[in-house]
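*Asks:* Attaching a single structure in structure tokens format; questions to follow.
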Amino acid sequence: MSERFVTRGFVGKRQDAGTAANRIPPGQHLVKDFPVLSAGPTPRTDLRRWSFRIEGLVKEPAQWTWDEFGKLPAQEFVKDISCVTKWTKLDTRWRGVSADVLLEHVELDGRARFVVAFSDGGYTTNLPLPDVINGQAFVAYEYDGKPLAPEHGGPARLVVPHLYFWKSAKWVRGLRLIERDEPGFWESLGYNNHGDPWKEERYSGD
Ligand SMILES: Nc1nc2c(c(=O)[nH]1)N[C@H]1C(S)=C(S)[C@@H](COP(=O)(O)O)O[C@H]1N2
Ligand SMILES: [Mo]
């Protein structure tokens with residue numbers, strides 16, 4: 001009787017662990033907390049002066065103030081995230097605006113192939129345009145039902161959950177469309193240009 005109980009509990013736990021394990025990319029471990037990784041100080045931008053911009057290879061740049069950005073159609077996103085320093089966090093819950101919605105406001109030049117996300121403080125990261133569209137990237141301003149904390153990129157950050165988290169630019173202020181790829185901050189310091197955690201694209205040459 002009690003033996004059966006133990007067995008059932010054990011099987012149940014194993015199934016849960018198995019499901020989570022399928023969601024952890026190679027070489028990563030699960031965390032429950034939310035580590036902060038910033039290359040410099042946390043910028044504090046006055047929301048009255050904040051704007052978000054889409055520029056570069058577009059017919060006309062698009063720009064929103066903080067109030068305007070808050071009126072764009074927003075969605076909830078629940079995503080697993082993986083940092084190149086080997087932590088993975090499951091089911092992170094964000095609210096923000098899909099990059100698809102933002103890009104609807106511009107007419108892309110046919111030469112646009114890559115995107116550079118740029119941030120307050122000077123951080124940049126580069127992405128191929130196909131990794132930014134079709135529901136794969138969003139600009140988040142809430143985390144877990146609360147305004148995004150400054151250390152995690154508030155007031156707003158890019159989130160690109162299918163790539164290592166350095167691609168998710170904190171304090172993001174815009175996206176620049178370009179024709180030829182340009183390495184961003186970490187990419188020019190030896191991180192992989194693409195950063196797919198399932199392929200362990202950690203460093204240049206991986
Ligand atoms: N602007 C900016 N964005 C950034 C960074 C940074 O230093 N500056 N660090 C990147 C890295 S390496 C990681 S792992 C994540 C960390 O996000 P978190 O501090 O919210 O965990 O943000 C990314 N975005
Ligand atoms: Mo990172």
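Residue names in the structure tokens use chain letters A, B, ... in the order shown, residue numbers from 1 in each chain, and ligand numbers from 1 in the order shown.
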Considering only helix (DSSP H, G or I) as DSSP defines it on the backbone, what residues of range 50-175 of chain A qualify? List them as an mmCIF file with N, CA, C and O atoms, in the first residue's frame.
*Replies:*
```cif
data_model
loop_
_atom_site.group_PDB
_atom_site.id
_atom_site.type_symbol
_atom_site.label_atom_id
_atom_site.label_comp_id
_atom_site.auth_asym_id
_atom_site.auth_seq_id
_atom_site.Cartn_x
_atom_site.Cartn_y
_atom_site.Cartn_z
ATOM 1 N N TRP A 66 6.287 57.539 -25.060
ATOM 2 C CA TRP A 66 5.905 56.510 -24.081
ATOM 3 C C TRP A 66 4.388 56.305 -24.066
ATOM 4 O O TRP A 66 3.892 55.183 -24.069
ATOM 5 N N ASP A 67 3.634 57.418 -24.078
ATOM 6 C CA ASP A 67 2.169 57.313 -24.047
ATOM 7 C C ASP A 67 1.648 56.642 -25.310
ATOM 8 O O ASP A 67 0.747 55.810 -25.251
ATOM 9 N N GLU A 68 2.201 57.016 -26.444
ATOM 10 C CA GLU A 68 1.767 56.411 -27.708
ATOM 11 C C GLU A 68 2.103 54.916 -27.733
ATOM 12 O O GLU A 68 1.301 54.094 -28.185
ATOM 13 N N PHE A 69 3.287 54.583 -27.217
ATOM 14 C CA PHE A 69 3.705 53.177 -27.229
ATOM 15 C C PHE A 69 2.748 52.322 -26.392
ATOM 16 O O PHE A 69 2.393 51.214 -26.766
ATOM 17 N N GLY A 70 2.302 52.905 -25.278
ATOM 18 C CA GLY A 70 1.373 52.204 -24.395
ATOM 19 C C GLY A 70 0.001 51.963 -25.001
ATOM 20 O O GLY A 70 -0.763 51.139 -24.493
ATOM 21 N N ALA A 99 7.071 42.738 -32.319
ATOM 22 C CA ALA A 99 7.851 43.446 -33.351
ATOM 23 C C ALA A 99 7.058 43.507 -34.656
ATOM 24 O O ALA A 99 7.215 44.463 -35.425
ATOM 25 N N ASP A 100 6.199 42.524 -34.892
ATOM 26 C CA ASP A 100 5.366 42.556 -36.108
ATOM 27 C C ASP A 100 4.465 43.790 -36.117
ATOM 28 O O ASP A 100 4.305 44.445 -37.146
ATOM 29 N N VAL A 101 3.876 44.097 -34.966
ATOM 30 C CA VAL A 101 2.997 45.271 -34.859
ATOM 31 C C VAL A 101 3.802 46.543 -35.131
ATOM 32 O O VAL A 101 3.360 47.434 -35.854
ATOM 33 N N LEU A 102 5.022 46.610 -34.566
ATOM 34 C CA LEU A 102 5.855 47.801 -34.768
ATOM 35 C C LEU A 102 6.233 47.954 -36.236
ATOM 36 O O LEU A 102 6.162 49.044 -36.797
ATOM 37 N N LEU A 103 6.605 46.832 -36.855
ATOM 38 C CA LEU A 103 7.072 46.897 -38.249
ATOM 39 C C LEU A 103 5.931 47.184 -39.230
ATOM 40 O O LEU A 103 6.187 47.638 -40.348
ATOM 41 N N LEU A 129 16.749 39.852 -39.851
ATOM 42 C CA LEU A 129 15.329 40.215 -39.878
ATOM 43 C C LEU A 129 14.400 38.998 -39.714
ATOM 44 O O LEU A 129 13.408 39.089 -38.979
ATOM 45 N N PRO A 130 14.711 37.847 -40.336
ATOM 46 C CA PRO A 130 13.813 36.687 -40.149
ATOM 47 C C PRO A 130 13.688 36.208 -38.695
ATOM 48 O O PRO A 130 12.736 35.513 -38.363
ATOM 49 N N ASP A 131 14.650 36.574 -37.811
ATOM 50 C CA ASP A 131 14.546 36.197 -36.394
ATOM 51 C C ASP A 131 13.712 37.183 -35.579
ATOM 52 O O ASP A 131 13.481 36.956 -34.384
ATOM 53 N N PRO A 150 13.847 48.521 -13.600
ATOM 54 C CA PRO A 150 14.976 49.117 -14.329
ATOM 55 C C PRO A 150 16.141 48.146 -14.539
ATOM 56 O O PRO A 150 16.716 48.094 -15.619
ATOM 57 N N GLU A 151 16.483 47.338 -13.538
ATOM 58 C CA GLU A 151 17.644 46.447 -13.706
ATOM 59 C C GLU A 151 17.400 45.360 -14.758
ATOM 60 O O GLU A 151 18.331 44.820 -15.324
ATOM 61 N N HIS A 152 16.126 45.069 -15.024
ATOM 62 C CA HIS A 152 15.798 44.081 -16.064
ATOM 63 C C HIS A 152 15.465 44.754 -17.404
ATOM 64 O O HIS A 152 14.963 44.106 -18.309
ATOM 65 N N PHE A 165 19.980 35.270 -24.327
ATOM 66 C CA PHE A 165 19.331 36.468 -23.789
ATOM 67 C C PHE A 165 20.109 37.761 -24.043
ATOM 68 O O PHE A 165 19.575 38.841 -23.833
ATOM 69 N N TRP A 166 21.386 37.665 -24.479
ATOM 70 C CA TRP A 166 22.085 38.932 -24.760
ATOM 71 C C TRP A 166 21.469 39.634 -25.975
ATOM 72 O O TRP A 166 21.688 40.829 -26.175
ATOM 73 N N LYS A 167 20.696 38.874 -26.785
ATOM 74 C CA LYS A 167 20.010 39.492 -27.922
ATOM 75 C C LYS A 167 18.798 40.313 -27.464
ATOM 76 O O LYS A 167 18.224 41.064 -28.256
#
```
*Asks:* Taking only C-alpha atoms and all ligand atoms into account, report as a PyMOL selection string which residues have an atom no farther than 9 Å from an atom of ligand 1.
*Replies:* chain A and resi 34-43+82-85+87+118-125+149-153+157-159+164-172+185-186
*Asks:* Please identify all polymer residues within 7 Å of Phe114 in chain A, counting only C-alpha atoms, omitting same-chain residues fewer than 5 positions from it, and present them as a ChimeraX atom specification.
*Replies:* /A:127-129,177-181
*Asks:* Just checking: using only C-alpha atoms and all ligand atoms, which residue out of A:Lys86, A:Pro26, A:Asp144, A:Ala137 ends up closest to ligand 2?
*Replies:*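 Closest residue, counting only C-alpha atoms and all ligand atoms: A:Lys86.
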*Asks:* Could you list, as number ranges by chain, every residue within 10 Å of Ile81 in chain A, counting only C-alpha atoms and ignoring same-chain residues fewer than 4 positions away?
*Replies:* A: 23-25, 87-92, 159-165, 168, 197
*Asks:* Please extract the residues of range 59-162 of chain A with a backbone DSSP assignment of strand (DSSP E or B) and present them as a count of residues only.
*Replies:* 47
*Asks:* Looking at only C-alpha atoms, which of A:Val115, A:Leu148, A:Val97, A:Ala140 is the one that sits closest to Pro73 in chain A?
*Replies:*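 Smallest distance to Pro73 in chain A is found for A:Val97.
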*Asks:* Mind checking which residues fall within 10 Å of Pro183 in chain A, counting only C-alpha atoms, ignoring those fewer than 5 positions away in the same chain, and posting them as a list in words?
*Replies:* Val116, Thr124, Thr125, Asn126, Leu127, Ser188, Leu189, Gly190, Tyr191, Asn192, Asn193 and His194 of chain A
*Asks:* Could you write out that same residue set with N, CA, C and O atoms as an mmCIF file, in the first residue's frame?
*Replies:*
```cif
data_model
loop_
_atom_site.group_PDB
_atom_site.id
_atom_site.type_symbol
_atom_site.label_atom_id
_atom_site.label_comp_id
_atom_site.auth_asym_id
_atom_site.auth_seq_id
_atom_site.Cartn_x
_atom_site.Cartn_y
_atom_site.Cartn_z
ATOM 1 N N VAL A 116 19.459 46.113 -36.100
ATOM 2 C CA VAL A 116 20.262 46.433 -34.918
ATOM 3 C C VAL A 116 19.322 47.036 -33.887
ATOM 4 O O VAL A 116 18.648 48.032 -34.165
ATOM 5 N N THR A 124 24.135 47.677 -28.083
ATOM 6 C CA THR A 124 23.490 47.285 -29.343
ATOM 7 C C THR A 124 23.574 45.773 -29.484
ATOM 8 O O THR A 124 24.442 45.122 -28.885
ATOM 9 N N THR A 125 22.655 45.214 -30.256
ATOM 10 C CA THR A 125 22.765 43.802 -30.622
ATOM 11 C C THR A 125 22.144 43.633 -32.006
ATOM 12 O O THR A 125 21.194 44.339 -32.353
ATOM 13 N N ASN A 126 22.730 42.723 -32.786
ATOM 14 C CA ASN A 126 22.296 42.551 -34.178
ATOM 15 C C ASN A 126 21.512 41.258 -34.358
ATOM 16 O O ASN A 126 21.802 40.250 -33.705
ATOM 17 N N LEU A 127 20.534 41.307 -35.233
ATOM 18 C CA LEU A 127 19.672 40.144 -35.492
ATOM 19 C C LEU A 127 19.336 40.091 -36.983
ATOM 20 O O LEU A 127 19.071 41.134 -37.585
ATOM 21 N N SER A 188 30.732 41.799 -31.042
ATOM 22 C CA SER A 188 32.072 42.242 -31.437
ATOM 23 C C SER A 188 33.107 41.883 -30.367
ATOM 24 O O SER A 188 34.299 41.996 -30.590
ATOM 25 N N LEU A 189 32.647 41.389 -29.202
ATOM 26 C CA LEU A 189 33.571 40.948 -28.146
ATOM 27 C C LEU A 189 33.669 39.417 -28.092
ATOM 28 O O LEU A 189 34.091 38.855 -27.087
ATOM 29 N N GLY A 190 33.242 38.739 -29.164
ATOM 30 C CA GLY A 190 33.487 37.297 -29.250
ATOM 31 C C GLY A 190 32.288 36.401 -29.034
ATOM 32 O O GLY A 190 32.413 35.176 -29.130
ATOM 33 N N TYR A 191 31.124 37.002 -28.726
ATOM 34 C CA TYR A 191 29.930 36.161 -28.655
ATOM 35 C C TYR A 191 29.508 35.791 -30.067
ATOM 36 O O TYR A 191 29.838 36.469 -31.033
ATOM 37 N N ASN A 192 28.746 34.710 -30.173
ATOM 38 C CA ASN A 192 28.301 34.240 -31.482
ATOM 39 C C ASN A 192 27.435 35.293 -32.166
ATOM 40 O O ASN A 192 26.702 36.028 -31.514
ATOM 41 N N ASN A 193 27.496 35.314 -33.465
ATOM 42 C CA ASN A 193 26.720 36.327 -34.175
ATOM 43 C C ASN A 193 25.214 36.055 -34.112
ATOM 44 O O ASN A 193 24.413 36.978 -34.127
ATOM 45 N N HIS A 194 24.835 34.772 -34.029
ATOM 46 C CA HIS A 194 23.411 34.418 -34.087
ATOM 47 C C HIS A 194 22.850 34.063 -32.714
ATOM 48 O O HIS A 194 21.877 34.654 -32.275
#
```
*Asks:* Calculate how many Å separate atom 1 (Mo, counted along the ligand's line) of ligand 2 from CA of Ala74 in chain A, rounding to one decimal.
*Replies:*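 These atoms are spaced 26.0 Å apart.
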